[in-house]
$ cat coords00.txt   # compact mmCIF, C-alpha atoms
# COMPACT_ATOMS: atom_id res chain seq x y z
CA ASN A 1 -145.46 -20.82 119.81
CA ILE A 2 -143.73 -22.45 116.85
CA VAL A 3 -145.97 -24.39 114.46
CA LEU A 4 -144.32 -27.58 113.29
CA VAL A 5 -145.21 -29.77 110.34
CA GLY A 6 -143.15 -32.91 110.11
CA ARG A 7 -143.01 -36.66 110.23
CA LEU A 8 -143.71 -38.49 113.49
CA PRO A 9 -140.72 -40.78 114.18
CA ARG A 10 -141.26 -44.52 114.48
CA THR A 11 -139.47 -44.37 117.82
CA VAL A 12 -142.53 -42.65 119.28
CA SER A 13 -144.98 -45.36 120.36
CA ALA A 14 -147.96 -43.28 119.15
CA CYS A 15 -146.77 -43.73 115.56
CA ASP A 16 -147.25 -47.50 115.44
CA GLU A 17 -150.47 -47.22 117.44
CA LEU A 18 -151.99 -44.74 114.98
CA VAL A 19 -150.94 -46.83 111.97
CA ALA A 20 -152.53 -49.92 113.53
CA ARG A 21 -155.75 -48.00 114.25
CA ALA A 22 -155.92 -46.69 110.70
CA LEU A 23 -155.39 -50.14 109.18
CA ALA A 24 -158.06 -51.58 111.49
CA GLN A 25 -160.73 -49.26 110.03
CA PRO A 26 -160.34 -49.50 106.23
CA LYS A 27 -163.64 -47.72 105.51
CA LYS A 28 -162.37 -44.43 106.96
CA TRP A 29 -159.55 -43.89 104.44
CA GLU A 30 -159.81 -40.69 102.41
CA GLU A 31 -158.58 -41.25 98.87
CA LEU A 32 -156.25 -38.39 97.89
CA GLY A 33 -154.83 -39.76 94.63
CA ALA A 34 -151.59 -38.21 93.41
CA VAL A 35 -150.35 -35.05 95.12
CA SER A 36 -147.67 -34.27 92.53
CA SER A 37 -147.80 -33.87 88.76
CA GLY A 38 -145.33 -36.60 87.78
CA LYS A 39 -146.38 -39.34 85.38
CA ASP A 40 -145.51 -42.05 87.90
CA ALA A 41 -146.53 -40.05 90.98
CA ALA A 42 -147.49 -42.11 94.03
CA GLN A 43 -151.13 -42.45 95.08
CA TYR A 44 -152.04 -41.56 98.66
CA ARG A 45 -154.90 -42.09 101.06
CA ALA A 46 -155.19 -40.71 104.57
CA GLN A 47 -156.92 -40.83 107.95
CA ALA A 48 -156.85 -37.85 110.30
CA PHE A 49 -156.72 -37.92 114.11
CA ARG A 50 -156.36 -35.36 116.88
CA GLU A 51 -154.48 -36.81 119.83
CA GLU A 52 -152.24 -35.78 122.71
CA VAL A 53 -148.65 -36.81 122.02
CA LEU A 54 -145.69 -35.89 124.23
CA HIS A 55 -148.04 -33.82 126.43
CA GLN A 56 -149.32 -31.69 123.57
CA GLU A 57 -152.50 -31.94 121.55
CA MET A 58 -151.86 -32.00 117.82
CA GLN A 59 -153.26 -33.10 114.48
CA LEU A 60 -151.92 -36.44 113.29
CA VAL A 61 -152.60 -37.80 109.81
CA VAL A 62 -151.77 -41.36 108.78
CA TYR A 63 -150.88 -41.70 105.08
CA GLN A 64 -150.59 -44.86 103.04
CA THR A 65 -148.68 -44.68 99.78
CA SER A 66 -148.64 -46.98 96.78
CA GLU A 67 -145.08 -46.00 95.83
CA ALA A 68 -143.25 -48.29 98.26
CA ASP A 69 -145.44 -51.40 97.84
CA ALA A 70 -143.00 -53.53 95.83
CA ARG A 71 -139.90 -52.32 97.66
CA ALA A 72 -141.48 -52.84 101.09
CA GLU A 73 -142.67 -56.32 100.14
CA ARG A 74 -139.21 -57.40 98.99
CA THR A 75 -137.56 -56.00 102.12
CA ILE A 76 -139.98 -57.60 104.54
CA LEU A 77 -140.03 -61.01 102.84
CA ARG A 78 -136.23 -61.04 102.74
CA ARG A 79 -136.11 -60.17 106.45
CA GLN A 80 -138.71 -62.84 107.21
CA GLN A 81 -136.68 -65.51 105.40
CA LYS A 82 -133.55 -64.60 107.37
CA ASN A 83 -135.54 -64.88 110.60
CA VAL A 84 -136.79 -68.33 109.56
CA ILE A 85 -133.25 -69.61 108.90
CA LYS A 86 -131.96 -68.35 112.23
CA ALA A 87 -134.99 -69.59 114.19
CA GLU A 88 -134.67 -73.06 112.66
CA LYS A 89 -131.01 -73.25 113.73
CA ASP A 90 -131.88 -72.22 117.29
CA ALA A 91 -134.83 -74.63 117.37
CA LYS A 92 -132.59 -77.50 116.21
CA LYS A 93 -130.23 -76.88 119.13
CA LEU A 94 -133.15 -76.97 121.59
CA THR A 95 -134.58 -80.20 120.19
CA ARG A 96 -131.24 -81.93 120.75
CA LEU A 97 -131.32 -81.20 124.48
CA VAL A 98 -132.53 -83.73 127.03
CA PHE A 99 -134.36 -82.18 129.98
CA THR A 100 -134.68 -83.64 133.44
CA CYS A 101 -138.28 -82.55 133.89
CA VAL A 102 -141.25 -81.14 132.01
CA PRO A 103 -141.26 -77.67 133.71
CA ASP A 104 -137.65 -77.04 132.59
CA ALA A 105 -138.49 -77.97 128.99
CA GLN A 106 -141.65 -75.84 129.01
CA ARG A 107 -139.69 -72.85 130.37
CA ASP A 108 -137.13 -73.05 127.55
CA LEU A 109 -139.89 -73.48 124.95
CA ASP A 110 -141.78 -70.41 126.22
CA ALA A 111 -138.56 -68.36 126.21
CA PHE A 112 -137.84 -69.39 122.61
CA ILE A 113 -141.35 -68.47 121.43
CA LEU A 114 -141.12 -65.11 123.23
CA ALA A 115 -137.77 -64.35 121.56
CA GLN A 116 -139.35 -64.81 118.10
CA ARG A 117 -142.15 -62.32 118.75
CA GLY A 118 -142.31 -59.61 116.10
CA LYS A 119 -140.20 -61.60 113.61
CA LEU A 120 -143.16 -62.56 111.37
CA LEU A 121 -142.92 -66.24 112.33
CA ARG A 122 -145.42 -68.82 113.50
CA ILE A 123 -143.87 -71.09 116.13
CA THR A 124 -145.55 -74.28 117.28
CA GLY A 125 -143.93 -76.52 119.85
CA GLN A 126 -144.69 -79.07 122.49
CA VAL A 127 -143.00 -80.94 125.28
CA THR A 128 -142.87 -84.71 124.74
CA THR A 129 -141.93 -87.51 127.14
CA ARG A 130 -141.03 -91.08 126.38
CA GLN A 131 -139.63 -94.04 128.25
CA VAL A 132 -136.15 -95.20 127.32
CA LEU A 133 -133.75 -97.74 128.76
CA THR A 134 -131.17 -96.45 131.18
CA PRO A 135 -127.58 -96.58 129.94
CA ALA A 136 -125.93 -100.00 130.46
CA PRO A 137 -123.46 -100.13 133.36
CA ARG A 138 -119.77 -100.60 132.69
CA GLY A 139 -118.43 -104.08 132.37
CA ARG A 140 -120.25 -107.30 131.53
CA PRO A 141 -123.74 -107.29 132.99
CA LYS A 142 -124.97 -110.32 134.89
CA LYS A 143 -127.00 -112.78 132.90
CA GLY A 144 -130.73 -112.05 133.12
CA MET A 145 -130.21 -108.67 134.90
CA PRO A 146 -133.12 -106.38 133.91
CA ARG A 147 -132.49 -102.87 132.51
CA ALA A 148 -134.32 -100.04 134.24
CA MET A 149 -136.47 -97.54 132.31
CA GLN A 150 -136.26 -93.75 132.64
CA GLU A 151 -138.35 -90.85 131.37
CA ARG A 152 -136.82 -88.71 128.63
CA VAL A 153 -138.16 -85.14 128.22
CA GLU A 154 -137.66 -83.52 124.81
CA LEU A 155 -138.95 -80.63 122.70
CA SER A 156 -140.44 -80.66 119.22
CA ILE A 157 -140.55 -77.26 117.45
CA VAL A 158 -141.90 -76.26 114.03
CA VAL A 159 -140.94 -72.87 112.50
CA GLU A 160 -143.13 -71.41 109.71
CA ASN A 161 -143.64 -68.09 107.92
CA ASP A 162 -146.54 -66.08 109.30
CA VAL A 163 -148.18 -64.96 106.04
CA GLU A 164 -150.81 -62.78 107.72
CA ALA A 165 -148.23 -60.99 109.89
CA ALA A 166 -146.07 -60.34 106.81
CA ALA A 167 -149.02 -58.86 104.91
CA THR A 168 -149.79 -56.56 107.86
CA ALA A 169 -146.12 -55.54 108.11
CA ILE A 170 -146.07 -54.65 104.41
CA GLN A 171 -149.10 -52.41 104.88
CA GLU A 172 -147.52 -50.77 107.93
CA GLU A 173 -144.29 -50.20 106.03
CA ASN A 174 -146.23 -48.22 103.41
CA CYS A 175 -147.68 -45.93 106.09
CA PHE A 176 -146.25 -42.84 107.75
CA VAL A 177 -147.65 -40.22 110.12
CA LEU A 178 -147.44 -36.44 109.69
CA VAL A 179 -147.79 -34.02 112.60
CA ASN A 180 -149.34 -30.55 112.64
CA THR A 181 -148.98 -28.69 115.94
CA ALA A 182 -151.22 -25.76 114.91
CA LYS A 183 -154.52 -25.30 116.74
CA GLU A 184 -156.45 -25.43 113.47
CA ASP A 185 -156.47 -28.64 111.46
CA LEU A 186 -155.38 -28.74 107.84
CA SER A 187 -156.82 -30.97 105.16
CA ALA A 188 -154.85 -34.17 104.54
CA ARG A 189 -153.90 -32.97 101.03
CA GLU A 190 -152.72 -29.55 102.25
CA LEU A 191 -150.67 -31.09 105.06
CA ILE A 192 -148.74 -33.47 102.82
CA ARG A 193 -148.20 -30.69 100.28
CA ILE A 194 -146.58 -28.52 102.96
CA TYR A 195 -144.47 -31.45 104.12
CA LYS A 196 -143.25 -32.25 100.61
CA ASP A 197 -142.39 -28.60 99.94
CA GLN A 198 -139.93 -28.75 102.85
CA SER A 199 -137.71 -31.00 100.75
CA LEU A 200 -136.87 -27.94 98.63
CA VAL A 201 -135.02 -26.59 101.65
CA GLU A 202 -133.44 -29.90 102.62
CA THR A 203 -131.86 -30.33 99.18
CA ARG A 204 -129.83 -27.19 99.87
CA PHE A 205 -128.14 -28.63 102.97
CA PRO A 206 -125.38 -30.54 101.07
CA PHE A 207 -124.17 -27.22 99.64
CA LEU A 208 -123.65 -25.76 103.12
CA LYS A 209 -122.15 -28.99 104.49
CA SER A 210 -119.76 -29.52 101.60
CA PRO A 211 -116.15 -30.18 102.69
CA GLU A 212 -115.11 -27.66 100.05
CA TRP A 213 -116.40 -24.98 102.44
CA ALA A 214 -116.33 -26.63 105.84
CA ASP A 215 -112.70 -27.83 105.69
CA VAL A 216 -110.95 -24.73 104.32
CA PHE A 217 -111.80 -22.12 106.95
CA PHE A 218 -110.36 -21.69 110.42
CA ILE A 219 -112.49 -19.34 112.50
CA LYS A 220 -111.37 -18.20 115.97
CA THR A 221 -114.21 -16.00 117.20
CA PRO A 222 -118.00 -16.56 117.29
CA HIS A 223 -118.85 -13.35 115.44
CA ARG A 224 -116.56 -14.30 112.57
CA LEU A 225 -118.21 -17.71 112.42
CA GLU A 226 -121.59 -15.99 112.22
CA ALA A 227 -120.33 -13.71 109.46
CA LEU A 228 -119.05 -16.72 107.50
CA GLY A 229 -122.49 -18.30 107.86
CA TYR A 230 -124.11 -15.27 106.25
CA VAL A 231 -121.59 -15.30 103.40
CA LEU A 232 -122.35 -18.97 102.72
CA MET A 233 -126.09 -18.27 102.83
CA ILE A 234 -125.67 -15.50 100.24
CA ALA A 235 -123.61 -17.88 98.08
CA LEU A 236 -126.38 -20.48 98.41
CA LEU A 237 -128.94 -17.89 97.35
CA VAL A 238 -126.95 -17.11 94.18
CA TRP A 239 -126.51 -20.86 93.57
CA SER A 240 -130.28 -21.42 93.86
CA LEU A 241 -131.13 -18.46 91.62
CA TRP A 242 -128.74 -19.77 88.97
CA GLU A 243 -130.45 -23.17 89.09
CA ARG A 244 -133.89 -21.53 88.81
CA ARG A 245 -132.86 -19.37 85.85
CA VAL A 246 -131.42 -22.24 83.86
CA ARG A 247 -134.48 -24.43 84.52
CA LEU A 248 -137.05 -21.76 83.58
CA ASN A 249 -135.18 -20.62 80.47
CA LEU A 250 -134.68 -24.22 79.35
CA LEU A 251 -138.40 -24.88 79.77
CA ASP A 252 -139.31 -21.65 77.97
CA SER A 253 -136.99 -22.42 75.04
CA GLY A 254 -138.66 -25.74 74.19
CA GLU A 255 -135.24 -27.18 73.38
CA ALA A 256 -134.00 -30.67 74.22
CA PRO A 257 -132.90 -31.34 77.81
CA LEU A 258 -129.36 -30.57 78.86
CA LYS A 259 -126.89 -33.45 78.77
CA ASP A 260 -124.65 -33.81 81.79
CA THR A 261 -121.07 -35.06 81.65
CA THR A 262 -122.26 -38.70 81.75
CA GLY A 263 -124.60 -38.23 78.78
CA TYR A 264 -127.85 -38.37 80.76
CA LYS A 265 -130.58 -35.93 79.77
CA LYS A 266 -131.75 -33.50 82.45
CA LYS A 267 -135.10 -31.76 81.97
CA SER A 268 -134.68 -29.88 85.28
CA PRO A 269 -130.91 -29.67 85.78
CA THR A 270 -129.66 -28.80 89.23
CA ALA A 271 -127.00 -26.19 89.84
CA ALA A 272 -124.57 -29.04 90.56
CA VAL A 273 -125.25 -30.50 87.08
CA ASN A 274 -124.70 -27.08 85.52
CA CYS A 275 -121.44 -26.75 87.43
CA HIS A 276 -120.25 -30.16 86.21
CA ILE A 277 -121.04 -29.19 82.62
CA MET A 278 -119.00 -26.00 82.98
CA ARG A 279 -115.94 -27.77 84.38
CA GLY A 280 -112.78 -28.10 82.30
CA ILE A 281 -112.90 -24.64 80.70
CA LYS A 282 -109.33 -23.39 80.14
CA LEU A 283 -108.36 -19.72 79.83
CA VAL A 284 -105.06 -18.42 78.46
CA ARG A 285 -103.38 -15.08 77.88
CA LEU A 286 -100.12 -14.10 76.24
CA ARG A 287 -97.39 -12.28 78.11
CA ASN A 288 -95.35 -9.83 76.02
CA GLY A 289 -92.83 -8.18 78.31
CA PRO A 290 -94.60 -6.19 81.04
CA SER A 291 -97.97 -6.35 79.31
CA CYS A 292 -100.38 -9.25 78.88
CA SER A 293 -103.15 -9.92 76.42
CA PRO A 294 -106.74 -10.28 77.71
CA TRP A 295 -107.85 -13.69 78.94
CA GLN A 296 -109.42 -15.82 76.24
CA LEU A 297 -110.69 -19.36 75.79
CA ALA A 298 -108.03 -21.94 75.02
CA GLU A 299 -110.61 -23.90 73.04
CA PRO A 300 -114.24 -23.31 72.02
CA LEU A 301 -117.01 -24.11 74.47
CA THR A 302 -118.95 -27.31 73.99
CA THR A 303 -122.57 -27.15 72.86
CA GLU A 304 -123.88 -27.87 76.36
CA GLN A 305 -121.59 -25.27 77.95
CA SER A 306 -122.84 -22.64 75.52
CA ARG A 307 -126.44 -23.58 76.33
CA VAL A 308 -125.84 -23.30 80.09
CA ILE A 309 -124.40 -19.81 79.61
CA ARG A 310 -127.32 -18.82 77.39
CA PHE A 311 -129.91 -20.19 79.84
CA SER A 312 -128.19 -18.37 82.71
CA GLY A 313 -129.43 -15.05 81.36
CA GLU A 314 -132.44 -13.05 82.46
CA VAL A 315 -135.63 -15.01 83.05
CA SER A 316 -138.31 -14.40 80.43
CA LYS A 317 -141.11 -11.92 81.14
CA ARG A 318 -143.86 -14.53 81.36
CA TRP A 319 -142.08 -16.34 84.22
CA ARG A 320 -141.66 -13.05 86.10
CA LEU A 321 -145.37 -12.37 85.68
CA ALA A 322 -146.23 -15.87 86.94
CA ALA A 323 -144.07 -15.28 90.00
CA GLY A 324 -145.54 -11.82 90.62
CA ALA A 325 -142.09 -10.30 90.30
CA GLU A 326 -142.56 -8.04 87.30
CA ASN A 327 -142.48 -4.90 89.47
CA GLN A 328 -139.58 -6.06 91.64
CA PRO A 329 -135.95 -5.02 91.06
CA LYS A 330 -134.19 -7.21 88.51
CA LEU A 331 -130.98 -9.03 89.37
CA THR A 332 -128.01 -8.14 87.23
CA ASP A 333 -126.60 -10.88 85.05
CA GLY A 334 -123.07 -11.98 85.63
$ encode --input "coords00.txt" --output "structure tokens"
Amino acid sequence: NIVLVGRLPRTVSACDELVARALAQPKKWEELGAVSSGKDAAQYRAQAFREEVLHQEMQLVVYQTSEADARAERTILRRQQKNVIKAEKDAKKLTRLVFTCVPDAQRDLDAFILAQRGKLLRITGQVTTRQVLTPAPRGRPKKGMPRAMQERVELSIVVENDVEAAATAIQEENCFVLVNTAKEDLSARELIRIYKDQSLVETRFPFLKSPEWADVFFIKTPHRLEALGYVLMIALLVWSLWERRVRLNLLDSGEAPLKDTTGYKKKSPTAAVNCHIMRGIKLVRLRNGPSCSPWQLAEPLTTEQSRVIRFSGEVSKRWRLAAGAENQPKLTDG
């Protein structure tokens, strides 16, 4: 009873079959345009199907994107060229062989052509026979002794790029299939929007998997491991809220983007960028006998560090209204 929205793996045979069906009927594409607001956002088009996959009926939508066109073309043409070089070497070895009969030569030729299937190559070959003189016997031959003739069976093979297959492969590379296991179908635009929103969760995984957390704890009992998981989830929540606050307050201020430690400008800085900016702060205090002075900065904060602290404050009222959170309890700053 769990509804899943995700990408259908290429390892499932239905994926390639659906992509091939969609490419075979170009008039059925639904033009979606851009699904995000970026200036260079990719353009999408889609075809929807309802099929039974892995013994379950589900909605399957094939998408073709314009974003990967150039990258896919370079990758596939590079792979095709490597296949040509290797196939030519193997073909050269075969053409040097001398076969005893035509069936043996034809068998090796068929096996070679079969091995190149799916490598975006066009292989043409044929078995040829010609009459040649038998090797001369050892020693001095008798005067006027005729030389016998024998049949020589050889292969001739030509390896070429399959331009049409490469063009089809480039189109297939720019396609992917999304799955919706719900009983009711979603529009193609709504489905890809839901799928893309999942990346907001996936970008949090590196925080939980960081060796800074995973390598410093030794947990003996399952309930303590579960408790540690909840602590890390709470820490991740605070981390995400900090990132959200800085981003919204930076946008609301109208100021220039934050500069990270490498000098790059960040319009939507992540919490990791904010953390890098805040690194290197030194605190000192003076010890005078049993008493100590309060902690204080060893040197003034940089401009970007001061901005991060300022943007970490309470989110402005208009953002709370947009989020529908004006009547919810406010988080304390700290």
$ residues_near_point --input "coords00.txt" --point "(-124.5, -24.2, 78.9)" --cutoff "10 Å" --atoms "all atoms listed in the file" --output "PDB file with C-alpha atoms, in the frame of the given file"
ATOM      1  CA  VAL A 246    -131.420 -22.240  83.860  1.00  0.00           C
ATOM      2  CA  LEU A 258    -129.360 -30.570  78.860  1.00  0.00           C
ATOM      3  CA  LYS A 259    -126.890 -33.450  78.770  1.00  0.00           C
ATOM      4  CA  ASN A 274    -124.700 -27.080  85.520  1.00  0.00           C
ATOM      5  CA  CYS A 275    -121.440 -26.750  87.430  1.00  0.00           C
ATOM      6  CA  ILE A 277    -121.040 -29.190  82.620  1.00  0.00           C
ATOM      7  CA  MET A 278    -119.000 -26.000  82.980  1.00  0.00           C
ATOM      8  CA  LEU A 301    -117.010 -24.110  74.470  1.00  0.00           C
ATOM      9  CA  THR A 302    -118.950 -27.310  73.990  1.00  0.00           C
ATOM     10  CA  THR A 303    -122.570 -27.150  72.860  1.00  0.00           C
ATOM     11  CA  GLU A 304    -123.880 -27.870  76.360  1.00  0.00           C
ATOM     12  CA  GLN A 305    -121.590 -25.270  77.950  1.00  0.00           C
ATOM     13  CA  SER A 306    -122.840 -22.640  75.520  1.00  0.00           C
ATOM     14  CA  ARG A 307    -126.440 -23.580  76.330  1.00  0.00           C
ATOM     15  CA  VAL A 308    -125.840 -23.300  80.090  1.00  0.00           C
ATOM     16  CA  ILE A 309    -124.400 -19.810  79.610  1.00  0.00           C
ATOM     17  CA  ARG A 310    -127.320 -18.820  77.390  1.00  0.00           C
ATOM     18  CA  PHE A 311    -129.910 -20.190  79.840  1.00  0.00           C
ATOM     19  CA  SER A 312    -128.190 -18.370  82.710  1.00  0.00           C
TER      20      SER A 312
END
$ residues_around --input "coords00.txt" --residues "Arg189 in chain A" --least-positions-apart "6" --cutoff "9 Å" --atoms "all atoms listed in the file" --output "list in words"
Leu32, Val35 and Ala46 of chain A
$ closest_residue --input "coords00.txt" --among "A:Gln59, A:Thr181, A:Gln171, A:Ser66" --to "Ala20 in chain A" --atoms "all atoms listed in the file"
A:Gln171
$ closest_residue --input "coords00.txt" --among "A:Leu191, A:Val177, A:Ala87, A:Val315" --to "Leu251 in chain A" --atoms "all atoms listed in the file"
A:Val315
$ residues_around --input "coords00.txt" --residues "Val61 in chain A" --least-positions-apart "3" --cutoff "7 Å" --atoms "only C-alpha atoms" --output "list in words"
Ala46, Gln47, Ala48, Phe49, Val177, Leu178, Val179 and Ala188 of chain A
$ closest_residue --input "coords00.txt" --among "A:Gln198, A:Thr168, A:Asn1, A:Thr262" --to "Lys183 in chain A" --atoms "all atoms listed in the file"
A:Asn1
